[in-house]
$ cat input-v1.json   # JSON, C-alpha atoms and all ligand atoms
[["chain", "number", "residue", "atom", "x", "y", "z"],
["F", 272, "MET", "CA", 103.90, -33.00, -3.19],
["F", 273, "GLY", "CA", 102.08, -36.21, -4.17],
["F", 274, "ARG", "CA", 100.39, -36.79, -7.52],
["F", 275, "VAL", "CA", 96.89, -36.65, -5.95],
["F", 276, "SER", "CA", 97.65, -34.42, -2.95],
["F", 277, "GLY", "CA", 94.61, -33.13, -1.06],
["F", 278, "LYS", "CA", 92.14, -35.19, -3.11],
["F", 279, "VAL", "CA", 89.54, -37.46, -1.51],
["F", 280, "ALA", "CA", 89.32, -40.97, -3.00],
["F", 281, "LEU", "CA", 86.85, -43.81, -2.48],
["F", 282, "VAL", "CA", 87.99, -47.31, -3.52],
["F", 283, "SER", "CA", 85.39, -50.10, -3.51],
["F", 284, "GLY", "CA", 86.64, -53.58, -2.69],
["F", 285, "ALA", "CA", 89.76, -52.07, -1.11],
["F", 286, "ALA", "CA", 90.17, -54.60, 1.70],
["F", 287, "LEU", "CA", 92.16, -57.01, -0.51],
["F", 288, "GLY", "CA", 94.04, -57.37, -3.78],
["F", 289, "ILE", "CA", 94.12, -54.62, -6.40],
["F", 290, "GLY", "CA", 91.83, -52.33, -4.38],
["F", 291, "ARG", "CA", 94.06, -52.55, -1.33],
["F", 292, "ALA", "CA", 97.22, -51.77, -3.33],
["F", 293, "THR", "CA", 95.39, -48.86, -4.99],
["F", 294, "ALA", "CA", 94.22, -47.41, -1.67],
["F", 295, "GLN", "CA", 97.76, -47.59, -0.31],
["F", 296, "LEU", "CA", 99.32, -45.97, -3.39],
["F", 297, "LEU", "CA", 96.68, -43.20, -3.50],
["F", 298, "ALA", "CA", 97.49, -42.47, 0.16],
["F", 299, "ARG", "CA", 101.24, -42.44, -0.52],
["F", 300, "GLU", "CA", 100.55, -39.93, -3.32],
["F", 301, "GLY", "CA", 98.73, -37.61, -0.88],
["F", 302, "ALA", "CA", 95.04, -38.55, -1.14],
["F", 303, "LYS", "CA", 92.67, -39.05, 1.78],
["F", 304, "VAL", "CA", 91.31, -42.53, 1.16],
["F", 305, "VAL", "CA", 88.01, -44.21, 1.93],
["F", 306, "ILE", "CA", 88.11, -48.01, 1.98],
["F", 307, "GLY", "CA", 84.66, -49.34, 1.01],
["F", 308, "ASP", "CA", 84.22, -53.11, 1.38],
["F", 309, "LEU", "CA", 82.13, -55.90, 2.87],
["F", 310, "LYS", "CA", 85.16, -57.14, 4.86],
["F", 311, "GLU", "CA", 85.47, -54.85, 7.88],
["F", 312, "THR", "CA", 88.44, -56.50, 9.65],
["F", 313, "GLU", "CA", 90.62, -56.52, 6.51],
["F", 314, "GLY", "CA", 89.43, -53.01, 5.57],
["F", 315, "GLU", "CA", 90.28, -51.58, 8.99],
["F", 316, "ALA", "CA", 93.73, -53.23, 8.67],
["F", 317, "VAL", "CA", 94.32, -51.24, 5.44],
["F", 318, "VAL", "CA", 93.27, -48.04, 7.26],
["F", 319, "ALA", "CA", 95.75, -48.85, 10.05],
["F", 320, "GLU", "CA", 98.55, -49.46, 7.51],
["F", 321, "ILE", "CA", 97.87, -46.13, 5.79],
["F", 322, "GLU", "CA", 97.71, -44.23, 9.10],
["F", 323, "ALA", "CA", 100.92, -45.89, 10.33],
["F", 324, "ALA", "CA", 102.64, -44.55, 7.19],
["F", 325, "GLY", "CA", 101.39, -41.01, 8.01],
["F", 326, "GLY", "CA", 98.37, -40.97, 5.67],
["F", 327, "GLU", "CA", 94.67, -40.36, 6.26],
["F", 328, "ALA", "CA", 92.03, -43.05, 5.68],
["F", 329, "MET", "CA", 88.70, -44.40, 6.89],
["F", 330, "PHE", "CA", 86.71, -47.60, 6.42],
["F", 331, "THR", "CA", 83.06, -47.70, 5.48],
["F", 332, "THR", "CA", 80.99, -50.84, 5.07],
["F", 333, "LEU", "CA", 79.90, -51.03, 1.45],
["F", 334, "ASN", "CA", 77.96, -53.63, -0.50],
["F", 335, "VAL", "CA", 78.26, -52.34, -4.07],
["F", 336, "THR", "CA", 75.13, -54.22, -5.17],
["F", 337, "GLU", "CA", 72.85, -52.26, -2.79],
["F", 338, "GLU", "CA", 71.74, -48.72, -3.52],
["F", 339, "ALA", "CA", 71.09, -48.01, 0.18],
["F", 340, "SER", "CA", 74.65, -49.08, 0.98],
["F", 341, "TRP", "CA", 76.04, -46.56, -1.54],
["F", 342, "GLN", "CA", 73.87, -43.83, 0.01],
["F", 343, "GLN", "CA", 75.25, -44.66, 3.48],
["F", 344, "ALA", "CA", 78.86, -44.82, 2.23],
["F", 345, "MET", "CA", 78.60, -41.49, 0.40],
["F", 346, "ALA", "CA", 77.07, -39.88, 3.49],
["F", 347, "ALA", "CA", 80.03, -41.18, 5.53],
["F", 348, "VAL", "CA", 82.51, -39.73, 2.98],
["F", 349, "GLN", "CA", 80.75, -36.34, 3.07],
["F", 350, "ALA", "CA", 80.61, -36.34, 6.88],
["F", 351, "ARG", "CA", 84.35, -37.00, 7.21],
["F", 352, "PHE", "CA", 85.86, -35.21, 4.20],
["F", 353, "GLY", "CA", 83.06, -33.05, 2.70],
["F", 354, "ARG", "CA", 83.81, -33.95, -0.92],
["F", 355, "LEU", "CA", 84.83, -36.71, -3.37],
["F", 356, "ASP", "CA", 87.40, -36.27, -6.16],
["F", 357, "ILE", "CA", 88.36, -39.84, -7.13],
["F", 358, "ALA", "CA", 86.19, -42.98, -7.29],
["F", 359, "VAL", "CA", 87.68, -46.37, -8.09],
["F", 360, "ASN", "CA", 84.93, -48.92, -8.81],
["F", 361, "ASN", "CA", 87.08, -51.96, -8.16],
["F", 362, "ALA", "CA", 84.93, -54.48, -6.24],
["F", 363, "GLY", "CA", 84.32, -57.57, -8.33],
["F", 364, "ILE", "CA", 83.92, -61.34, -8.18],
["F", 365, "ALA", "CA", 85.16, -64.15, -10.41],
["F", 366, "TYR", "CA", 83.00, -66.98, -11.68],
["F", 367, "THR", "CA", 84.07, -69.82, -13.95],
["F", 368, "GLY", "CA", 81.48, -71.43, -16.20],
["F", 369, "THR", "CA", 80.60, -71.81, -19.88],
["F", 370, "VAL", "CA", 77.25, -70.53, -21.11],
["F", 371, "GLU", "CA", 75.83, -74.06, -20.65],
["F", 372, "GLN", "CA", 77.21, -74.42, -17.12],
["F", 373, "THR", "CA", 75.98, -71.04, -15.84],
["F", 374, "SER", "CA", 72.66, -70.90, -13.99],
["F", 375, "LEU", "CA", 70.51, -67.79, -14.12],
["F", 376, "GLU", "CA", 71.20, -67.32, -10.40],
["F", 377, "GLU", "CA", 75.00, -67.34, -10.87],
["F", 378, "TRP", "CA", 74.69, -65.10, -13.95],
["F", 379, "ARG", "CA", 72.71, -62.54, -11.94],
["F", 380, "ARG", "CA", 75.11, -62.72, -8.96],
["F", 381, "VAL", "CA", 78.08, -61.88, -11.22],
["F", 382, "GLN", "CA", 76.27, -59.03, -13.03],
["F", 383, "SER", "CA", 75.02, -57.70, -9.71],
["F", 384, "VAL", "CA", 78.52, -57.20, -8.22],
["F", 385, "ASN", "CA", 80.57, -56.54, -11.37],
["F", 386, "LEU", "CA", 78.08, -54.46, -13.38],
["F", 387, "ASP", "CA", 75.38, -53.07, -11.04],
["F", 388, "GLY", "CA", 78.19, -52.20, -8.58],
["F", 389, "VAL", "CA", 80.06, -50.17, -11.19],
["F", 390, "PHE", "CA", 76.84, -48.51, -12.43],
["F", 391, "LEU", "CA", 75.80, -47.45, -8.91],
["F", 392, "GLY", "CA", 79.34, -46.39, -7.96],
["F", 393, "THR", "CA", 79.60, -44.21, -11.06],
["F", 394, "ARG", "CA", 76.16, -42.64, -10.55],
["F", 395, "TYR", "CA", 76.80, -41.77, -6.91],
["F", 396, "ALA", "CA", 80.32, -40.53, -7.68],
["F", 397, "ILE", "CA", 78.97, -38.17, -10.36],
["F", 398, "GLU", "CA", 76.42, -36.82, -7.88],
["F", 399, "ALA", "CA", 79.15, -36.22, -5.27],
["F", 400, "MET", "CA", 81.70, -34.74, -7.72],
["F", 401, "LYS", "CA", 79.43, -32.36, -9.65],
["F", 402, "PRO", "CA", 79.15, -29.66, -6.93],
["F", 403, "HIS", "CA", 82.93, -29.55, -6.38],
["F", 404, "GLY", "CA", 84.18, -28.92, -9.90],
["F", 405, "GLY", "CA", 84.69, -32.45, -11.21],
["F", 406, "GLY", "CA", 86.77, -35.54, -10.60],
["F", 407, "SER", "CA", 88.00, -38.84, -11.97],
["F", 408, "ILE", "CA", 86.15, -42.17, -12.00],
["F", 409, "ILE", "CA", 88.04, -45.38, -12.75],
["F", 410, "ASN", "CA", 86.15, -48.61, -13.43],
["F", 411, "LEU", "CA", 87.82, -52.02, -13.22],
["F", 412, "SER", "CA", 87.09, -54.09, -16.30],
["F", 413, "SER", "CA", 89.53, -56.82, -17.39],
["F", 414, "ILE", "CA", 91.20, -58.41, -20.39],
["F", 415, "GLU", "CA", 87.98, -60.45, -20.19],
["F", 416, "GLY", "CA", 86.16, -57.24, -21.15],
["F", 417, "LEU", "CA", 88.19, -57.16, -24.39],
["F", 418, "VAL", "CA", 88.42, -60.79, -25.56],
["F", 419, "GLY", "CA", 86.19, -63.82, -25.08],
["F", 420, "ASP", "CA", 86.89, -66.93, -22.99],
["F", 421, "PRO", "CA", 84.58, -69.95, -23.38],
["F", 422, "THR", "CA", 84.76, -70.68, -19.64],
["F", 423, "LEU", "CA", 83.90, -67.17, -18.45],
["F", 424, "ALA", "CA", 80.45, -66.46, -19.92],
["F", 425, "ALA", "CA", 79.05, -64.37, -17.06],
["F", 426, "TYR", "CA", 82.38, -62.70, -16.22],
["F", 427, "ASN", "CA", 83.00, -61.82, -19.91],
["F", 428, "ALA", "CA", 79.53, -60.26, -20.12],
["F", 429, "SER", "CA", 80.00, -58.22, -16.95],
["F", 430, "LYS", "CA", 83.45, -56.90, -17.87],
["F", 431, "GLY", "CA", 82.46, -56.13, -21.48],
["F", 432, "GLY", "CA", 79.52, -54.24, -19.98],
["F", 433, "VAL", "CA", 81.84, -52.23, -17.73],
["F", 434, "ARG", "CA", 83.94, -51.26, -20.77],
["F", 435, "LEU", "CA", 81.08, -49.74, -22.81],
["F", 436, "PHE", "CA", 79.19, -48.38, -19.78],
["F", 437, "THR", "CA", 82.37, -46.44, -18.94],
["F", 438, "LYS", "CA", 82.43, -44.88, -22.42],
["F", 439, "SER", "CA", 78.75, -43.91, -22.18],
["F", 440, "ALA", "CA", 79.26, -42.27, -18.77],
["F", 441, "ALA", "CA", 82.44, -40.54, -20.00],
["F", 442, "LEU", "CA", 80.62, -39.02, -23.00],
["F", 443, "HIS", "CA", 77.67, -37.95, -20.83],
["F", 444, "CYS", "CA", 79.94, -36.22, -18.30],
["F", 445, "ALA", "CA", 82.05, -34.55, -21.01],
["F", 446, "LYS", "CA", 79.05, -33.28, -22.97],
["F", 447, "SER", "CA", 77.39, -32.05, -19.77],
["F", 448, "GLY", "CA", 80.49, -29.99, -18.92],
["F", 449, "TYR", "CA", 80.92, -31.69, -15.53],
["F", 450, "LYS", "CA", 84.76, -31.91, -15.71],
["F", 451, "ILE", "CA", 84.39, -35.55, -14.61],
["F", 452, "ARG", "CA", 86.54, -38.07, -16.50],
["F", 453, "VAL", "CA", 85.57, -41.76, -16.63],
["F", 454, "ASN", "CA", 88.02, -44.44, -17.78],
["F", 455, "SER", "CA", 88.34, -48.21, -17.54],
["F", 456, "VAL", "CA", 91.31, -50.39, -16.59],
["F", 457, "HIS", "CA", 91.88, -53.85, -18.09],
["F", 458, "PRO", "CA", 94.27, -56.03, -16.07],
["F", 459, "GLY", "CA", 95.69, -59.35, -17.18],
["F", 460, "TYR", "CA", 95.93, -62.04, -14.48],
["F", 461, "ILE", "CA", 97.12, -60.47, -11.23],
["F", 462, "TRP", "CA", 98.24, -62.54, -8.25],
["F", 463, "THR", "CA", 95.49, -61.53, -5.79],
["F", 464, "PRO", "CA", 93.17, -63.53, -3.48],
["F", 465, "MET", "CA", 90.75, -63.73, -6.46],
["F", 466, "VAL", "CA", 93.24, -65.54, -8.73],
["F", 467, "GLN", "CA", 94.76, -67.48, -5.82],
["F", 468, "GLY", "CA", 91.23, -68.78, -5.19],
["F", 469, "LEU", "CA", 90.84, -69.86, -8.83],
["F", 470, "THR", "CA", 94.10, -71.85, -8.81],
["F", 471, "ALA", "CA", 93.46, -73.27, -5.31],
["F", 472, "ALA", "CA", 90.22, -74.79, -6.65],
["F", 473, "THR", "CA", 92.21, -77.01, -9.06],
["F", 474, "SER", "CA", 93.84, -80.37, -8.27],
["F", 475, "ASP", "CA", 97.33, -79.28, -9.46],
["F", 476, "GLN", "CA", 97.80, -75.70, -8.29],
["F", 477, "LEU", "CA", 101.31, -75.24, -9.66],
["F", 478, "ALA", "CA", 100.22, -76.41, -13.11],
["F", 479, "ALA", "CA", 97.15, -74.14, -12.96],
["F", 480, "ARG", "CA", 99.35, -71.15, -12.09],
["F", 481, "GLN", "CA", 101.79, -71.98, -14.90],
["F", 482, "LYS", "CA", 98.88, -72.20, -17.35],
["F", 483, "LEU", "CA", 97.93, -68.64, -16.44],
["F", 484, "ILE", "CA", 101.54, -67.44, -16.66],
["F", 485, "ASP", "CA", 101.83, -68.92, -20.16],
["F", 486, "LEU", "CA", 99.02, -66.62, -21.36],
["F", 487, "HIS", "CA", 101.24, -63.56, -20.72],
["F", 488, "PRO", "CA", 104.10, -62.95, -23.19],
["F", 489, "LEU", "CA", 106.09, -61.16, -20.46],
["F", 490, "GLY", "CA", 106.35, -64.57, -18.74],
["F", 491, "HIS", "CA", 104.84, -63.85, -15.34],
["F", 492, "LEU", "CA", 101.59, -62.79, -13.64],
["F", 493, "GLY", "CA", 101.01, -59.18, -12.61],
["F", 494, "GLU", "CA", 101.24, -57.78, -9.08],
["F", 495, "PRO", "CA", 98.50, -55.59, -7.55],
["F", 496, "ASP", "CA", 100.87, -52.58, -7.69],
["F", 497, "ASP", "CA", 101.16, -52.95, -11.50],
["F", 498, "ILE", "CA", 97.46, -52.04, -11.70],
["F", 499, "ALA", "CA", 97.53, -49.48, -8.88],
["F", 500, "TYR", "CA", 100.14, -47.41, -10.79],
["F", 501, "GLY", "CA", 97.80, -47.24, -13.81],
["F", 502, "ILE", "CA", 94.80, -46.34, -11.64],
["F", 503, "VAL", "CA", 96.70, -43.54, -9.89],
["F", 504, "PHE", "CA", 97.76, -42.18, -13.31],
["F", 505, "LEU", "CA", 94.07, -42.07, -14.35],
["F", 506, "ALA", "CA", 93.13, -40.50, -11.00],
["F", 507, "SER", "CA", 95.74, -37.75, -11.32],
["F", 508, "ASP", "CA", 95.82, -34.69, -13.58],
["F", 509, "GLU", "CA", 98.60, -36.40, -15.59],
["F", 510, "SER", "CA", 95.73, -38.02, -17.55],
["F", 511, "LYS", "CA", 93.61, -34.84, -17.82],
["F", 512, "PHE", "CA", 93.03, -35.32, -21.59],
["F", 513, "MET", "CA", 91.84, -38.92, -21.16],
["F", 514, "THR", "CA", 88.19, -39.89, -20.85],
["F", 515, "GLY", "CA", 86.33, -42.92, -22.18],
["F", 516, "SER", "CA", 89.72, -44.60, -22.60],
["F", 517, "GLU", "CA", 90.68, -48.18, -21.79],
["F", 518, "LEU", "CA", 94.02, -48.69, -20.07],
["F", 519, "VAL", "CA", 95.25, -52.24, -20.76],
["F", 520, "ILE", "CA", 97.84, -53.56, -18.27],
["F", 521, "ASP", "CA", 98.19, -57.21, -19.18],
["F", 522, "GLY", "CA", 101.78, -58.35, -19.76],
["F", 523, "GLY", "CA", 101.00, -58.61, -23.49],
["F", 524, "TYR", "CA", 98.02, -61.00, -23.07],
["F", 525, "THR", "CA", 95.84, -59.18, -25.65],
["F", 526, "ALA", "CA", 98.66, -57.91, -27.88],
["L", 1, "LIG", "P1", 89.92, -59.85, -4.80],
["L", 1, "LIG", "O1", 88.90, -60.94, -4.73],
["L", 1, "LIG", "O2", 91.30, -60.17, -4.43],
["L", 1, "LIG", "O3", 89.39, -58.60, -3.95],
["L", 1, "LIG", "C1", 88.09, -58.11, -4.21],
["L", 1, "LIG", "C2", 87.60, -57.24, -3.07],
["L", 1, "LIG", "O4", 86.26, -56.83, -3.40],
["L", 1, "LIG", "C3", 87.54, -57.97, -1.73],
["L", 1, "LIG", "O5", 88.06, -57.14, -0.71],
["L", 1, "LIG", "C4", 86.05, -58.21, -1.53],
["L", 1, "LIG", "O6", 85.64, -58.25, -0.16],
["L", 1, "LIG", "C5", 85.45, -57.02, -2.26],
["L", 1, "LIG", "N1", 84.05, -57.26, -2.66],
["L", 1, "LIG", "C6", 83.52, -58.35, -3.28],
["L", 1, "LIG", "N2", 82.21, -58.20, -3.43],
["L", 1, "LIG", "C7", 81.88, -56.99, -2.89],
["L", 1, "LIG", "C8", 80.67, -56.27, -2.75],
["L", 1, "LIG", "N3", 79.48, -56.77, -3.15],
["L", 1, "LIG", "N4", 80.70, -55.03, -2.17],
["L", 1, "LIG", "C9", 81.88, -54.52, -1.75],
["L", 1, "LIG", "N5", 83.06, -55.16, -1.84],
["L", 1, "LIG", "C10", 83.05, -56.38, -2.41],
["L", 1, "LIG", "O7", 89.85, -59.27, -6.30],
["L", 1, "LIG", "P2", 91.01, -58.58, -7.17],
["L", 1, "LIG", "O8", 91.73, -59.64, -7.89],
["L", 1, "LIG", "O9", 91.75, -57.59, -6.35],
["L", 1, "LIG", "O10", 90.08, -57.84, -8.26],
["L", 1, "LIG", "C11", 89.72, -56.47, -8.16],
["L", 1, "LIG", "C12", 89.02, -56.07, -9.44],
["L", 1, "LIG", "O11", 89.88, -56.26, -10.56],
["L", 1, "LIG", "C13", 87.76, -56.90, -9.75],
["L", 1, "LIG", "O12", 86.77, -56.09, -10.33],
["L", 1, "LIG", "C14", 88.27, -57.93, -10.74],
["L", 1, "LIG", "O13", 87.24, -58.45, -11.56],
["L", 1, "LIG", "C15", 89.26, -57.10, -11.52],
["L", 1, "LIG", "N6", 90.29, -57.89, -12.20],
["L", 1, "LIG", "C16", 91.09, -58.72, -11.50],
["L", 1, "LIG", "C17", 92.04, -59.47, -12.17],
["L", 1, "LIG", "C18", 92.98, -60.41, -11.48],
["L", 1, "LIG", "O14", 93.66, -61.17, -12.18],
["L", 1, "LIG", "N7", 93.06, -60.41, -10.15],
["L", 1, "LIG", "C19", 92.15, -59.36, -13.57],
["L", 1, "LIG", "C20", 91.31, -58.50, -14.25],
["L", 1, "LIG", "C21", 90.37, -57.75, -13.54]]
$ encode --input "input-v1.json" --output "structure tokens" --more "lines below"
Ligand code: NAD
Amino acid sequence: MGRVSGKVALVSGAALGIGRATAQLLAREGAKVVIGDLKETEGEAVVAEIEAAGGEAMFTTLNVTEEASWQQAMAAVQARFGRLDIAVNNAGIAYTGTVEQTSLEEWRRVQSVNLDGVFLGTRYAIEAMKPHGGGSIINLSSIEGLVGDPTLAAYNASKGGVRLFTKSAALHCAKSGYKIRVNSVHPGYIWTPMVQGLTAATSDQLAARQKLIDLHPLGHLGEPDDIAYGIVFLASDESKFMTGSELVIDGGYTA
């Protein structure tokens, strides 16, 4: 019996990186998994991997910034599985820039994916979970939602927003008696396409990677599975007394 057996889970941004590892682990632990992403080819590949391992999964095209896209994705989840128990609002984008370097357009693009996407995903998850006796919502923030970085003005703002939005939603759900828990996860640097892209943009990639490693007292970057294990814990009943909490998985970065 898996830790989330029989549950239905939707993971946004599950075609790559942390979302992909999370979708695969949720499936290994018995959940039926919906991969929601802009990238159809990569998303369908994750579905194929899960099915090849004996699990159940489907892909739905999802742009987390668009309300109509959430409505379509939720309709697809209901049509296939008839319920939603776990929502992982994972889709996010990186952007490097100080406050002086960031244009209003870039600022809005980052907030739109990282903050609007989490807001809409949480709202639609609550609507889907309420009639079926509750559920668990997990929002991806970051160490950058806990401490400031001069070069990450827009990203800092979005991830700090996710942290406190999660607490507000958690209190609302608890006080409304919905049996829906809402928690945030705060990864350190994880070796995913997002971080690979950041280092690839520099002239000395090895040095850039080492600079990131040096920020983590454990002496290495995290792997997507390191975060997936925390997310599955928050998705499962093992964390049934946790809501509005922040799970920091960062190799000691913020210690
Ligand atoms: P990634 O870039 O490797 O993967 C992100 C996925 O999100 C991709 O599949 C992409 O297609 C999808 N996506 C992007 N915009 C989307 C949109 N508008 N609608 C739907 N899907 C969209 O990223 P990752 O490193 O796996 O990061 C996942 C989450 O974890 C993000 O929220 C990120 O901010 C957060 N995070 C990552 C790190 C890290 O070091 N990698 C650290 C802290 C927090």
$ residues_around --input "input-v1.json" --residues "F:Leu417" --least-positions-apart "3" --cutoff "9 Å" --atoms "all atoms listed in the file" --output "list in words"
Ser412, Ser413, Ile414, Asn427, Lys430, Gly431, Arg434, His457 and Thr525 of chain F
$ residues_around --input "input-v1.json" --residues "F:Leu309" --least-positions-apart "2" --cutoff "10 Å" --atoms "all atoms listed in the file" --output "mmCIF file with C-alpha atoms, keeping the file's coordinate frame"
data_model
loop_
_atom_site.group_PDB
_atom_site.id
_atom_site.type_symbol
_atom_site.label_atom_id
_atom_site.label_comp_id
_atom_site.auth_asym_id
_atom_site.auth_seq_id
_atom_site.Cartn_x
_atom_site.Cartn_y
_atom_site.Cartn_z
ATOM 1 C CA SER F 283 85.390 -50.100 -3.510
ATOM 2 C CA GLY F 284 86.640 -53.580 -2.690
ATOM 3 C CA ALA F 285 89.760 -52.070 -1.110
ATOM 4 C CA ALA F 286 90.170 -54.600 1.700
ATOM 5 C CA ILE F 306 88.110 -48.010 1.980
ATOM 6 C CA GLY F 307 84.660 -49.340 1.010
ATOM 7 C CA GLU F 311 85.470 -54.850 7.880
ATOM 8 C CA THR F 312 88.440 -56.500 9.650
ATOM 9 C CA GLU F 313 90.620 -56.520 6.510
ATOM 10 C CA GLY F 314 89.430 -53.010 5.570
ATOM 11 C CA THR F 331 83.060 -47.700 5.480
ATOM 12 C CA THR F 332 80.990 -50.840 5.070
ATOM 13 C CA LEU F 333 79.900 -51.030 1.450
ATOM 14 C CA ASN F 334 77.960 -53.630 -0.500
ATOM 15 C CA VAL F 335 78.260 -52.340 -4.070
ATOM 16 C CA ALA F 362 84.930 -54.480 -6.240
#
$ residues_around --input "input-v1.json" --residues "stretch 372-388 of chain F" --least-positions-apart "3" --cutoff "7 Å" --atoms "only C-alpha atoms" --output "short mmCIF file (atom, residue, chain, number, x, y, z; two decimals) with C-alpha atoms, in the frame of the given file"
data_model
loop_
_atom_site.label_atom_id
_atom_site.label_comp_id
_atom_site.auth_asym_id
_atom_site.auth_seq_id
_atom_site.Cartn_x
_atom_site.Cartn_y
_atom_site.Cartn_z
CA VAL F 335 78.26 -52.34 -4.07
CA THR F 336 75.13 -54.22 -5.17
CA GLY F 363 84.32 -57.57 -8.33
CA ILE F 364 83.92 -61.34 -8.18
CA GLY F 368 81.48 -71.43 -16.20
CA THR F 369 80.60 -71.81 -19.88
CA LEU F 391 75.80 -47.45 -8.91
CA GLY F 392 79.34 -46.39 -7.96
CA ALA F 425 79.05 -64.37 -17.06
CA TYR F 426 82.38 -62.70 -16.22
CA SER F 429 80.00 -58.22 -16.95
CA GLY F 432 79.52 -54.24 -19.98
CA VAL F 433 81.84 -52.23 -17.73
#
$ residues_around --input "input-v1.json" --residues "F:Asn410" --least-positions-apart "4" --cutoff "8 Å" --atoms "only C-alpha atoms" --output "mmCIF file with C-alpha atoms, in the coordinates of the input"
data_model
loop_
_atom_site.group_PDB
_atom_site.id
_atom_site.type_symbol
_atom_site.label_atom_id
_atom_site.label_comp_id
_atom_site.auth_asym_id
_atom_site.auth_seq_id
_atom_site.Cartn_x
_atom_site.Cartn_y
_atom_site.Cartn_z
ATOM 1 C CA VAL F 359 87.680 -46.370 -8.090
ATOM 2 C CA ASN F 360 84.930 -48.920 -8.810
ATOM 3 C CA ASN F 361 87.080 -51.960 -8.160
ATOM 4 C CA VAL F 389 80.060 -50.170 -11.190
ATOM 5 C CA VAL F 433 81.840 -52.230 -17.730
ATOM 6 C CA THR F 437 82.370 -46.440 -18.940
ATOM 7 C CA VAL F 453 85.570 -41.760 -16.630
ATOM 8 C CA ASN F 454 88.020 -44.440 -17.780
ATOM 9 C CA SER F 455 88.340 -48.210 -17.540
ATOM 10 C CA VAL F 456 91.310 -50.390 -16.590
#
$ residues_around --input "input-v1.json" --residues "F:Arg299" --least-positions-apart "3" --cutoff "8 Å" --atoms "all atoms listed in the file" --output "short mmCIF file (atom, residue, chain, number, x, y, z; two decimals) with C-alpha atoms, in the frame of the given file"
data_model
loop_
_atom_site.label_atom_id
_atom_site.label_comp_id
_atom_site.auth_asym_id
_atom_site.auth_seq_id
_atom_site.Cartn_x
_atom_site.Cartn_y
_atom_site.Cartn_z
CA GLY F 273 102.08 -36.21 -4.17
CA GLN F 295 97.76 -47.59 -0.31
CA LEU F 296 99.32 -45.97 -3.39
CA ALA F 302 95.04 -38.55 -1.14
CA GLY F 326 98.37 -40.97 5.67
#
$ atom_distance --input "input-v1.json" --atom1 "atom CA of F:Glu338" --atom2 "atom CA of F:Thr293"
23.7 Å
$ closest_residue --input "input-v1.json" --among "F:Met513, F:Ala292, F:Ile451, F:Cys444" --to "ligand LIG 1 (chain L)" --atoms "only C-alpha atoms and all ligand atoms"
F:Ala292
$ atom_distance --input "input-v1.json" --atom1 "atom CA of F:Gly405" --atom2 "atom CA of F:Gly301"
18.2 Å
$ atom_distance --input "input-v1.json" --atom1 "atom CA of F:Gln342" --atom2 "atom CA of F:Phe436"
21.0 Å
$ closest_residue --input "input-v1.json" --among "F:Glu494, F:Asp485, F:Asp521, F:Asp508" --to "F:Arg452" --atoms "only C-alpha atoms"
F:Asp508
$ residues_near_point --input "input-v1.json" --point "(96.7, -36.9, 7.6)" --cutoff "10 Å" --atoms "only C-alpha atoms" --output "PyMOL selection string"
chain F and resi 277+298+301-303+321-322+324-328
$ closest_residue --input "input-v1.json" --among "F:Pro458, F:Gly501, F:Gly515, F:Gly404" --to "F:Leu297" --atoms "only C-alpha atoms"
F:Gly501
$ closest_residue --input "input-v1.json" --among "F:Glu320, F:Glu509, F:Glu337, F:Glu315" --to "ligand LIG 1 (chain L)" --atoms "only C-alpha atoms and all ligand atoms"
F:Glu337
$ closest_residue --input "input-v1.json" --among "F:Val317, F:Ala323, F:Ala472, F:Val466" --to "ligand LIG 1 (chain L)" --atoms "all atoms listed in the file"
F:Val466
$ decode --input "input-v1.json" --residues "stretch 422-431 of chain F" --atoms "N, CA and C atoms" --output "PDB file, in the first residue's frame"
ATOM      1  N   THR F 422      20.116  40.156  -6.482  1.00  0.00           N
ATOM      2  CA  THR F 422      19.976  39.936  -7.932  1.00  0.00           C
ATOM      3  C   THR F 422      18.660  39.251  -8.318  1.00  0.00           C
ATOM      4  N   LEU F 423      17.783  39.064  -7.340  1.00  0.00           N
ATOM      5  CA  LEU F 423      16.546  38.317  -7.631  1.00  0.00           C
ATOM      6  C   LEU F 423      15.306  39.098  -7.186  1.00  0.00           C
ATOM      7  N   ALA F 424      15.225  40.373  -7.553  1.00  0.00           N
ATOM      8  CA  ALA F 424      14.146  41.226  -7.029  1.00  0.00           C
ATOM      9  C   ALA F 424      12.759  40.653  -7.317  1.00  0.00           C
ATOM     10  N   ALA F 425      12.485  40.341  -8.573  1.00  0.00           N
ATOM     11  CA  ALA F 425      11.141  39.875  -8.940  1.00  0.00           C
ATOM     12  C   ALA F 425      10.888  38.463  -8.394  1.00  0.00           C
ATOM     13  N   TYR F 426      11.916  37.618  -8.469  1.00  0.00           N
ATOM     14  CA  TYR F 426      11.772  36.225  -7.991  1.00  0.00           C
ATOM     15  C   TYR F 426      11.563  36.215  -6.476  1.00  0.00           C
ATOM     16  N   ASN F 427      12.366  37.003  -5.735  1.00  0.00           N
ATOM     17  CA  ASN F 427      12.193  37.143  -4.277  1.00  0.00           C
ATOM     18  C   ASN F 427      10.750  37.538  -3.944  1.00  0.00           C
ATOM     19  N   ALA F 428      10.253  38.554  -4.661  1.00  0.00           N
ATOM     20  CA  ALA F 428       8.896  39.054  -4.380  1.00  0.00           C
ATOM     21  C   ALA F 428       7.868  37.964  -4.626  1.00  0.00           C
ATOM     22  N   SER F 429       8.023  37.230  -5.727  1.00  0.00           N
ATOM     23  CA  SER F 429       7.024  36.201  -6.053  1.00  0.00           C
ATOM     24  C   SER F 429       7.053  35.070  -5.028  1.00  0.00           C
ATOM     25  N   LYS F 430       8.241  34.647  -4.625  1.00  0.00           N
ATOM     26  CA  LYS F 430       8.335  33.490  -3.730  1.00  0.00           C
ATOM     27  C   LYS F 430       7.979  33.868  -2.282  1.00  0.00           C
ATOM     28  N   GLY F 431       8.293  35.123  -1.892  1.00  0.00           N
ATOM     29  CA  GLY F 431       7.824  35.607  -0.586  1.00  0.00           C
ATOM     30  C   GLY F 431       6.301  35.671  -0.576  1.00  0.00           C
TER      31      GLY F 431
END
